[in-house]
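Participant: Quick one: the structure is below, questions incoming.
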Amino acid sequence: MTDNSLQRILIIEDDLKIAALLQDYFVASGYQVEQQHDGRSGLASVQKSLPDLVLLDLMLPLMDGISVCKEIRKFTQIPVIMLTARVEEVDRLLGLEVGADDYVCKPFSPREVVARAKIHLRRHSGKTTQASGFFIETAEQRILFEGNALPLTPVEYRLLAELISHPNRVFSRQHLLDIAHEDQRDINDRTIDSHIKNIRKKIQSKLPEPECLHSVYGVGYRFELPPSSST
């Protein structure tokens, strides 16, 4: 059985019963799940910490699903599946034109939604992930900024890819040690600090301002999207 425990699904749906039903099915399939019940909160959640896939209702309070999807596509290419009770063809096409990967019409089978999500997660795996001008090419094990590859070591690649994939999330040094552990057995906090220092220099050679990698005193590090890319 495939272990999906590290994959996180974000459900943005204002119908609490539907959201709860979908969560039950995804949790039973081994995924982590978060719910948000209006468009603004949903978008804020994606900006704070990228999920692996978003289930996005078309009709939402505060900010509709089309607008949320447009904003999401400004900084990431994670899979987005639209949920809609409006079956007019224009709505289906419009949803896909703004960057949605798929749509499911209500009422739907939760099993079908999970199956669709698995397909898109598999397709997305190994493809380029974009965040604020940074491109993570998983298959090639490299990171580009505005088309230019950063000269990263394998350990630096793994550390930066983890940080970029979850903008604004604070990672402990222990977590980053675990990421680096594959290639280096004799490592400690100072080794991580040294790697981060080197990564900073390599980013600053391409992007002098603003600072993207931030130290969090007594905890670890976080990657922060430049303001122009997160608004």
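Chain labels A, B, ... are given in the sequence in which chains occur in the structure tokens; within each chain residues are numbered consecutively from 1, and ligands are likewise numbered from 1 in the order shown.
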Residues at most 12 Å from Ala44 in chain A, counting only C-alpha atoms, excluding those fewer than 5 positions away in the same chain, as number ranges by chain?
Facilitator: A: 10, 12, 36-39, 49-51, 63, 68, 71-72, 167-168, 230-231
Participant: Since we have the selection now, will you write its residues out, keeping N, CA, C and O atoms, as a short mmCIF file (atom, residue, chain, number, x, y, z; two decimals), in the first residue's frame?
Facilitator:
data_model
loop_
_atom_site.label_atom_id
_atom_site.label_comp_id
_atom_site.auth_asym_id
_atom_site.auth_seq_id
_atom_site.Cartn_x
_atom_site.Cartn_y
_atom_site.Cartn_z
N LEU A 10 -5.77 20.13 0.72
CA LEU A 10 -6.50 21.27 1.25
C LEU A 10 -7.88 21.30 0.59
O LEU A 10 -7.99 21.38 -0.64
N ILE A 12 -11.17 23.45 0.19
CA ILE A 12 -11.76 24.79 0.35
C ILE A 12 -13.22 24.68 -0.08
O ILE A 12 -13.53 24.71 -1.27
N GLN A 36 -10.73 24.64 4.81
CA GLN A 36 -11.02 26.06 4.91
C GLN A 36 -12.39 26.28 4.30
O GLN A 36 -12.75 25.59 3.34
N HIS A 37 -13.15 27.26 4.82
CA HIS A 37 -14.54 27.37 4.43
C HIS A 37 -14.91 28.67 3.72
O HIS A 37 -16.09 28.96 3.51
N ASP A 38 -13.91 29.47 3.36
CA ASP A 38 -14.16 30.63 2.50
C ASP A 38 -12.93 30.86 1.64
O ASP A 38 -11.85 30.37 1.93
N GLY A 39 -13.12 31.61 0.56
CA GLY A 39 -12.04 31.77 -0.40
C GLY A 39 -10.80 32.46 0.14
O GLY A 39 -9.68 32.04 -0.14
N SER A 49 1.46 27.76 3.49
CA SER A 49 2.12 26.46 3.41
C SER A 49 1.50 25.66 2.28
O SER A 49 0.35 25.25 2.37
N LEU A 50 2.27 25.44 1.21
CA LEU A 50 1.72 24.78 0.03
C LEU A 50 1.25 23.36 0.33
O LEU A 50 2.03 22.54 0.82
N PRO A 51 -0.01 23.06 0.03
CA PRO A 51 -0.46 21.67 0.10
C PRO A 51 0.00 20.94 -1.16
O PRO A 51 0.58 21.55 -2.07
N MET A 63 -14.54 35.21 -1.39
CA MET A 63 -13.74 35.17 -2.60
C MET A 63 -14.10 33.90 -3.36
O MET A 63 -14.00 32.81 -2.81
N VAL A 68 -9.78 32.59 -6.51
CA VAL A 68 -8.78 31.89 -5.69
C VAL A 68 -7.80 31.14 -6.59
O VAL A 68 -6.58 31.20 -6.40
N GLU A 71 -5.28 33.41 -8.25
CA GLU A 71 -4.23 33.84 -7.32
C GLU A 71 -3.24 32.71 -7.04
O GLU A 71 -2.03 32.94 -6.97
N ILE A 72 -3.75 31.49 -6.88
CA ILE A 72 -2.87 30.34 -6.64
C ILE A 72 -1.89 30.17 -7.79
O ILE A 72 -0.71 29.92 -7.59
N PRO A 167 6.48 27.58 1.75
CA PRO A 167 6.84 28.95 2.11
C PRO A 167 6.20 29.38 3.42
O PRO A 167 5.06 29.04 3.71
N ASN A 168 7.00 30.08 4.21
CA ASN A 168 6.60 30.65 5.51
C ASN A 168 6.50 29.62 6.63
O ASN A 168 6.28 29.98 7.78
N SER A 230 3.61 37.25 -3.79
CA SER A 230 2.64 36.65 -2.90
C SER A 230 1.41 37.51 -2.72
O SER A 230 0.59 37.30 -1.87
N THR A 231 1.30 38.56 -3.54
CA THR A 231 0.13 39.46 -3.45
C THR A 231 -0.74 39.27 -4.66
O THR A 231 -0.35 38.71 -5.64
#
Participant: Need the shell around Ser172 in chain A: protein/DNA/RNA residues with any atom at most 7 Å away, counting only C-alpha atoms. Skip same-chain ones fewer than 3 positions apart. Format as a PyMOL selection string?
Facilitator: chain A and resi 175-176+219-221
Participant: Please, could you write that set of residues out with all heavy atoms as an mmCIF file, in the first residue's frame?
Facilitator:
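Writing done, so here's part13.cif:
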data_model
loop_
_atom_site.group_PDB
_atom_site.id
_atom_site.type_symbol
_atom_site.label_atom_id
_atom_site.label_comp_id
_atom_site.auth_asym_id
_atom_site.auth_seq_id
_atom_site.Cartn_x
_atom_site.Cartn_y
_atom_site.Cartn_z
ATOM 1 N N HIS A 175 14.568 18.816 11.792
ATOM 2 C CA HIS A 175 13.907 18.392 10.555
ATOM 3 C C HIS A 175 14.859 18.541 9.367
ATOM 4 O O HIS A 175 14.949 17.642 8.519
ATOM 5 C CB HIS A 175 12.649 19.231 10.318
ATOM 6 C CG HIS A 175 11.918 18.868 9.054
ATOM 7 N ND1 HIS A 175 10.967 17.888 9.004
ATOM 8 C CD2 HIS A 175 12.038 19.346 7.774
ATOM 9 C CE1 HIS A 175 10.516 17.773 7.757
ATOM 10 N NE2 HIS A 175 11.145 18.659 6.995
ATOM 11 N N LEU A 176 15.574 19.648 9.320
ATOM 12 C CA LEU A 176 16.511 19.869 8.217
ATOM 13 C C LEU A 176 17.683 18.897 8.287
ATOM 14 O O LEU A 176 18.204 18.464 7.250
ATOM 15 C CB LEU A 176 16.994 21.322 8.241
ATOM 16 C CG LEU A 176 15.898 22.368 7.988
ATOM 17 C CD1 LEU A 176 16.450 23.780 8.128
ATOM 18 C CD2 LEU A 176 15.247 22.181 6.617
ATOM 19 N N VAL A 219 14.962 28.139 16.796
ATOM 20 C CA VAL A 219 14.139 27.109 16.161
ATOM 21 C C VAL A 219 14.811 26.574 14.899
ATOM 22 O O VAL A 219 15.213 25.414 14.838
ATOM 23 C CB VAL A 219 12.739 27.657 15.805
ATOM 24 C CG1 VAL A 219 11.880 26.548 15.185
ATOM 25 C CG2 VAL A 219 12.054 28.217 17.042
ATOM 26 N N GLY A 220 14.918 27.418 13.871
ATOM 27 C CA GLY A 220 15.471 26.938 12.611
ATOM 28 C C GLY A 220 15.374 27.979 11.526
ATOM 29 O O GLY A 220 15.796 29.125 11.718
ATOM 30 N N TYR A 221 14.751 27.619 10.392
ATOM 31 C CA TYR A 221 14.720 28.501 9.232
ATOM 32 C C TYR A 221 13.367 28.429 8.521
ATOM 33 O O TYR A 221 12.637 27.443 8.638
ATOM 34 C CB TYR A 221 15.815 28.111 8.228
ATOM 35 C CG TYR A 221 17.211 28.287 8.765
ATOM 36 C CD1 TYR A 221 17.871 27.224 9.388
ATOM 37 C CD2 TYR A 221 17.867 29.512 8.677
ATOM 38 C CE1 TYR A 221 19.156 27.380 9.892
ATOM 39 C CE2 TYR A 221 19.153 29.677 9.176
ATOM 40 C CZ TYR A 221 19.792 28.612 9.785
ATOM 41 O OH TYR A 221 21.056 28.776 10.295
#
Participant: Could you go through chain A and tell me which residues DSSP, when run on the backbone, assigns to alpha helix (DSSP H), listing them as a PyMOL selection string?
Facilitator: chain A and resi 16-28+39-48+65-72+89-97+110-124+154-165+173-180+189-204
Participant: Quick one: which range 109-170 of chain A residues come within 8 Å of range 79-83 of chain A, and what is the nearest atom pair for each with the distance in Å to one decimal, counting only C-alpha atoms, rows ordered by chain and ascending number, as CSV?
Facilitator:
residue,atom,partner,partner_atom,distance
A:Ala117,CA,A:Ile81,CA,7.7
A:His120,CA,A:Pro79,CA,6.3
A:Leu121,CA,A:Pro79,CA,7.1
A:His124,CA,A:Pro79,CA,7.1
Participant: Just checking: using only C-alpha atoms, which residue out of A:Ile164, A:Val54, A:Val216, A:Ala19 ends up closest to Lys118 in chain A?
Facilitator: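 Of all the options, A:Val54 lies closest to Lys118 in chain A.
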Participant: What parts of range 68-224 of chain A does DSSP call strand (DSSP E or B)? I'd like the answer as a PyMOL selection string.
Facilitator: chain A and resi 80-84+102-105+128-131+134-137+142-145+148-149+171-172+213-216+220-223
Participant: Selection from above, N, CA, C and O atoms, as a CSV table (one decimal), in the first residue's frame, can you write it?
Facilitator:
chain,number,residue,atom,x,y,z
A,80,VAL,N,-5.1,21.6,-8.8
A,80,VAL,CA,-6.3,22.2,-8.3
A,80,VAL,C,-7.5,21.5,-9.0
A,80,VAL,O,-7.6,21.5,-10.2
A,81,ILE,N,-8.4,20.9,-8.2
A,81,ILE,CA,-9.6,20.3,-8.7
A,81,ILE,C,-10.8,21.1,-8.3
A,81,ILE,O,-11.0,21.4,-7.1
A,82,MET,N,-11.5,21.7,-9.2
A,82,MET,CA,-12.7,22.5,-8.9
A,82,MET,C,-13.9,21.6,-8.6
A,82,MET,O,-14.1,20.6,-9.2
A,83,LEU,N,-14.7,22.0,-7.6
A,83,LEU,CA,-15.9,21.4,-7.2
A,83,LEU,C,-17.0,22.3,-7.5
A,83,LEU,O,-17.0,23.5,-7.1
A,84,THR,N,-18.0,21.9,-8.3
A,84,THR,CA,-19.1,22.8,-8.7
A,84,THR,C,-20.4,22.1,-8.8
A,84,THR,O,-20.5,21.0,-9.3
A,102,ASP,N,-8.7,20.1,-13.2
A,102,ASP,CA,-9.8,19.2,-13.4
A,102,ASP,C,-11.1,19.8,-12.7
A,102,ASP,O,-10.9,20.8,-11.9
A,103,TYR,N,-12.2,19.2,-12.9
A,103,TYR,CA,-13.4,19.7,-12.2
A,103,TYR,C,-14.3,18.4,-11.9
A,103,TYR,O,-14.2,17.4,-12.6
A,104,VAL,N,-15.1,18.5,-10.9
A,104,VAL,CA,-16.0,17.4,-10.5
A,104,VAL,C,-17.3,18.1,-10.2
A,104,VAL,O,-17.4,19.1,-9.5
A,105,CYS,N,-18.4,17.6,-10.8
A,105,CYS,CA,-19.7,18.2,-10.6
A,105,CYS,C,-20.4,17.5,-9.4
A,105,CYS,O,-20.4,16.3,-9.2
A,128,THR,N,8.0,20.1,-12.6
A,128,THR,CA,8.5,21.3,-12.1
A,128,THR,C,7.4,21.9,-11.2
A,128,THR,O,6.3,22.0,-11.5
A,129,THR,N,7.9,22.4,-10.0
A,129,THR,CA,7.1,23.1,-9.0
A,129,THR,C,7.6,24.5,-9.0
A,129,THR,O,8.8,24.8,-8.9
A,130,GLN,N,6.7,25.5,-9.1
A,130,GLN,CA,7.0,26.9,-9.1
A,130,GLN,C,6.7,27.6,-7.9
A,130,GLN,O,5.6,27.4,-7.3
A,131,ALA,N,7.6,28.4,-7.4
A,131,ALA,CA,7.2,29.3,-6.2
A,131,ALA,C,8.1,30.5,-6.3
A,131,ALA,O,9.3,30.5,-6.2
A,134,PHE,N,11.2,30.7,-8.4
A,134,PHE,CA,12.0,29.5,-8.2
A,134,PHE,C,11.3,28.3,-8.8
A,134,PHE,O,10.1,28.1,-8.6
A,135,PHE,N,12.0,27.5,-9.5
A,135,PHE,CA,11.5,26.3,-10.1
A,135,PHE,C,12.2,25.1,-9.6
A,135,PHE,O,13.4,25.0,-9.7
A,136,ILE,N,11.5,24.2,-9.0
A,136,ILE,CA,12.0,22.9,-8.5
A,136,ILE,C,11.8,21.9,-9.5
A,136,ILE,O,10.7,21.5,-9.8
A,137,GLU,N,12.8,21.4,-10.1
A,137,GLU,CA,12.7,20.3,-11.1
A,137,GLU,C,13.1,19.0,-10.4
A,137,GLU,O,14.3,18.6,-10.3
A,142,ARG,N,17.2,19.7,-9.5
A,142,ARG,CA,17.9,21.0,-9.5
A,142,ARG,C,16.8,22.1,-9.3
A,142,ARG,O,15.6,21.8,-9.4
A,143,ILE,N,17.3,23.3,-8.9
A,143,ILE,CA,16.4,24.4,-8.7
A,143,ILE,C,16.9,25.6,-9.5
A,143,ILE,O,18.1,25.9,-9.6
A,144,LEU,N,15.9,26.2,-10.3
A,144,LEU,CA,16.2,27.3,-11.1
A,144,LEU,C,15.6,28.5,-10.5
A,144,LEU,O,14.5,28.5,-9.9
A,145,PHE,N,16.3,29.7,-10.8
A,145,PHE,CA,15.6,31.0,-10.5
A,145,PHE,C,15.6,31.8,-11.8
A,145,PHE,O,16.7,32.0,-12.3
A,148,ASN,N,17.6,30.2,-14.6
A,148,ASN,CA,19.0,29.9,-14.3
A,148,ASN,C,19.2,28.9,-13.2
A,148,ASN,O,18.7,29.2,-12.1
A,149,ALA,N,19.9,27.8,-13.4
A,149,ALA,CA,20.1,26.8,-12.3
A,149,ALA,C,21.0,27.3,-11.2
A,149,ALA,O,22.1,27.9,-11.5
A,171,PHE,N,10.9,25.5,9.8
A,171,PHE,CA,11.5,24.2,9.9
A,171,PHE,C,12.5,24.1,11.0
A,171,PHE,O,13.5,25.0,11.0
A,172,SER,N,12.4,23.2,11.9
A,172,SER,CA,13.4,23.0,12.9
A,172,SER,C,14.7,22.6,12.3
A,172,SER,O,14.8,21.9,11.3
A,213,LEU,N,15.6,33.5,2.7
A,213,LEU,CA,15.9,32.6,3.8
A,213,LEU,C,16.1,33.3,5.1
A,213,LEU,O,17.0,34.1,5.2
A,214,HIS,N,15.2,33.0,6.1
A,214,HIS,CA,15.2,33.7,7.3
A,214,HIS,C,15.5,32.8,8.5
A,214,HIS,O,15.0,31.7,8.5
A,215,SER,N,16.4,33.2,9.4
A,215,SER,CA,16.6,32.5,10.6
A,215,SER,C,15.5,32.8,11.6
A,215,SER,O,15.1,33.9,11.8
A,216,VAL,N,15.1,31.7,12.3
A,216,VAL,CA,14.1,31.9,13.4
A,216,VAL,C,14.8,31.5,14.7
A,216,VAL,O,15.1,30.3,14.9
A,220,GLY,N,14.9,27.4,13.9
A,220,GLY,CA,15.5,26.9,12.6
A,220,GLY,C,15.4,28.0,11.5
A,220,GLY,O,15.8,29.1,11.7
A,221,TYR,N,14.8,27.6,10.4
A,221,TYR,CA,14.7,28.5,9.2
A,221,TYR,C,13.4,28.4,8.5
A,221,TYR,O,12.6,27.4,8.6
A,222,ARG,N,13.1,29.5,7.8
A,222,ARG,CA,11.9,29.5,6.9
A,222,ARG,C,12.3,30.2,5.6
A,222,ARG,O,13.1,31.0,5.5
A,223,PHE,N,11.5,29.8,4.5
A,223,PHE,CA,11.6,30.5,3.2
A,223,PHE,C,10.4,31.4,3.1
A,223,PHE,O,9.3,31.0,3.3
Participant: Enter the distance from CA of Val155 in chain A to CA of Arg73 in chain A, in Å, rounded to one decimal.
Facilitator: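 Taking CA of Val155 in chain A as the start and CA of Arg73 in chain A as the end point, the length is 28.5 Å.
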Participant: So which residues touch Ser109 in chain A within 12 Å, counting only C-alpha atoms, skipping near sequence neighbours fewer than 6 positions away, as number ranges by chain?
Facilitator: A: 18, 21-22, 25, 83, 115-116
Participant: Could you check which of A:Ile179, A:Leu55, A:Val46, A:Leu152 is closest to Ile192 in chain A, using only C-alpha atoms?
Facilitator: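 That would be A:Ile179, the residue with the smallest distance to Ile192 in chain A.
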